[in-house]
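Chemist: Take this structure first; my questions come after.
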Amino acid sequence: MKSAALLFPVAVIALSACSQSEETSTAPVDAMIAEERADLISEGRAIVEENCTACHAIGAEGDSPRQDAPPLRTVFAEFDAEAIGDDFREGIHVGALDMPDFDFGPLGTEALIAYLQSIQTEVPAE
Ligand code: HEC
């Protein structure tokens, strides 16, 4: 009887400490991740605006300037984001023969893929 009465408050304190630390620790981290993601996406957008607009539509709508270049908002329906990322990162040729070889470096490629993911409108094929 005596030990149960002693244990009860300890358990309550332990529980509340636990839920409290969960609330206070994940919210700022989530916000930080979201902010970093947003920065990455806007970096990627700048890369795409500079390098891809000659041939590809890069926004939420509109046709590509070049008929044979798919709008970038649809490319991950057909191609795997990981694979395209690897190709860009490793300097493997992507796209048409006259599509330039790009070297954005690992961080630039990360940003590029983040932007492309953010604009996809077509659900990837299974
Ligand atoms: C000189 C024109 C040109 C430029 C500039 C260009 N592309 Fe392309 N891209 C093409 C064409 C044309 C295709 C279609 C190739 C095909 O279907 O064989 C293509 C295809 C692609 C594909 C689909 C994958 C594939 O192998 O077909 C991706 C992804 C892609 N381009 C991304 C980009 C990105 C990102 C940029 C800018 C960093 C870019 N392209 C710049 C012409 C271009």
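Residues in the structure tokens are named by chain (A, B, ... in the order shown) and by number from 1 within that chain; ligands are numbered from 1 in the order shown.
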Enumerate residues in contact with ligand 1: an atom-to-atom distance of at most 6 Å, counting only C-alpha atoms and all ligand atoms. Format the result as a PDB file with N, CA, C and O atoms, in the first residue's frame.
Modeler:
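So selection_5.pdb came out as:
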ATOM      1  N   VAL A  48      16.794  25.740 -62.403  1.00  0.00           N
ATOM      2  CA  VAL A  48      15.934  25.335 -63.514  1.00  0.00           C
ATOM      3  C   VAL A  48      15.620  26.533 -64.422  1.00  0.00           C
ATOM      4  O   VAL A  48      15.661  26.433 -65.647  1.00  0.00           O
ATOM      5  N   ASN A  51      18.661  27.148 -66.571  1.00  0.00           N
ATOM      6  CA  ASN A  51      19.212  26.114 -67.445  1.00  0.00           C
ATOM      7  C   ASN A  51      18.217  25.310 -68.272  1.00  0.00           C
ATOM      8  O   ASN A  51      18.631  24.614 -69.197  1.00  0.00           O
ATOM      9  N   CYS A  52      16.966  25.343 -67.949  1.00  0.00           N
ATOM     10  CA  CYS A  52      16.031  24.418 -68.575  1.00  0.00           C
ATOM     11  C   CYS A  52      14.925  25.083 -69.382  1.00  0.00           C
ATOM     12  O   CYS A  52      14.259  24.424 -70.183  1.00  0.00           O
ATOM     13  N   ALA A  54      14.847  27.005 -71.867  1.00  0.00           N
ATOM     14  CA  ALA A  54      14.972  27.088 -73.327  1.00  0.00           C
ATOM     15  C   ALA A  54      14.155  25.978 -73.983  1.00  0.00           C
ATOM     16  O   ALA A  54      13.620  26.162 -75.073  1.00  0.00           O
ATOM     17  N   CYS A  55      14.039  24.849 -73.323  1.00  0.00           N
ATOM     18  CA  CYS A  55      13.362  23.694 -73.917  1.00  0.00           C
ATOM     19  C   CYS A  55      12.133  23.216 -73.137  1.00  0.00           C
ATOM     20  O   CYS A  55      11.170  22.770 -73.741  1.00  0.00           O
ATOM     21  N   ASP A  68       9.393  18.426 -78.233  1.00  0.00           N
ATOM     22  CA  ASP A  68       9.830  17.090 -77.826  1.00  0.00           C
ATOM     23  C   ASP A  68      10.362  17.043 -76.391  1.00  0.00           C
ATOM     24  O   ASP A  68      10.759  16.001 -75.903  1.00  0.00           O
ATOM     25  N   ALA A  69      10.389  18.179 -75.706  1.00  0.00           N
ATOM     26  CA  ALA A  69      10.839  18.191 -74.307  1.00  0.00           C
ATOM     27  C   ALA A  69       9.609  18.184 -73.393  1.00  0.00           C
ATOM     28  O   ALA A  69       8.762  19.058 -73.497  1.00  0.00           O
ATOM     29  N   VAL A  75       7.826  14.898 -65.438  1.00  0.00           N
ATOM     30  CA  VAL A  75       8.911  13.935 -65.703  1.00  0.00           C
ATOM     31  C   VAL A  75       8.987  12.772 -64.713  1.00  0.00           C
ATOM     32  O   VAL A  75       9.419  11.687 -65.077  1.00  0.00           O
ATOM     33  N   VAL A  94      21.330  13.060 -69.464  1.00  0.00           N
ATOM     34  CA  VAL A  94      19.877  12.993 -69.256  1.00  0.00           C
ATOM     35  C   VAL A  94      19.209  13.620 -70.468  1.00  0.00           C
ATOM     36  O   VAL A  94      19.673  14.622 -70.995  1.00  0.00           O
ATOM     37  N   GLY A  95      18.109  13.023 -70.933  1.00  0.00           N
ATOM     38  CA  GLY A  95      17.297  13.655 -71.966  1.00  0.00           C
ATOM     39  C   GLY A  95      17.802  13.457 -73.366  1.00  0.00           C
ATOM     40  O   GLY A  95      18.531  12.508 -73.663  1.00  0.00           O
ATOM     41  N   ALA A  96      17.401  14.389 -74.248  1.00  0.00           N
ATOM     42  CA  ALA A  96      17.726  14.292 -75.659  1.00  0.00           C
ATOM     43  C   ALA A  96      19.223  14.472 -75.876  1.00  0.00           C
ATOM     44  O   ALA A  96      19.927  15.003 -75.018  1.00  0.00           O
ATOM     45  N   ASP A  98      20.755  16.521 -77.671  1.00  0.00           N
ATOM     46  CA  ASP A  98      21.218  17.912 -77.646  1.00  0.00           C
ATOM     47  C   ASP A  98      20.863  18.624 -76.347  1.00  0.00           C
ATOM     48  O   ASP A  98      21.066  19.813 -76.207  1.00  0.00           O
ATOM     49  N   MET A  99      20.314  17.884 -75.409  1.00  0.00           N
ATOM     50  CA  MET A  99      20.143  18.476 -74.080  1.00  0.00           C
ATOM     51  C   MET A  99      21.543  18.530 -73.458  1.00  0.00           C
ATOM     52  O   MET A  99      22.253  17.530 -73.450  1.00  0.00           O
TER      53      MET A  99
END
Chemist: Can you list, as a VMD selection string, every protein, DNA or RNA residue that comes within 6 Å of Ala111 in chain A when you count only C-alpha atoms, leaving out same-chain residues fewer than 6 positions away?
Modeler: chain A and resid 40 to 41 43 to 44
Chemist: Residues within 8 Å of range 83-93 of chain A, please, as number ranges by chain. Count only C-alpha atoms; anything in the same chain fewer than 5 positions from it doesn't count.
Modeler: A: 101-106, 109-110, 113
Chemist: Pick the closest to Ile47 in chain A from A:Pro28, A:Gly108, A:Pro100, A:Gly62: which is it, counting only C-alpha atoms?
Modeler: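 For Ile47 in chain A, the nearest of the given residues is A:Gly108.
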Chemist: Identify which of the residues A:Leu97, A:Ala27, A:Ile58, A:Ala114 lies closest to Thr74 in chain A, counting only C-alpha atoms when measuring atom-to-atom distances.
Modeler: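 Between A:Leu97, A:Ala27, A:Ile58, A:Ala114, the residue approaching Thr74 in chain A most closely is A:Ile58.
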Chemist: Here is a test: counting only C-alpha atoms, which residue of A:Thr53, A:Ser64, A:Thr24, A:Gln117 is nearest to Glu82 in chain A?
Modeler: A:Gln117
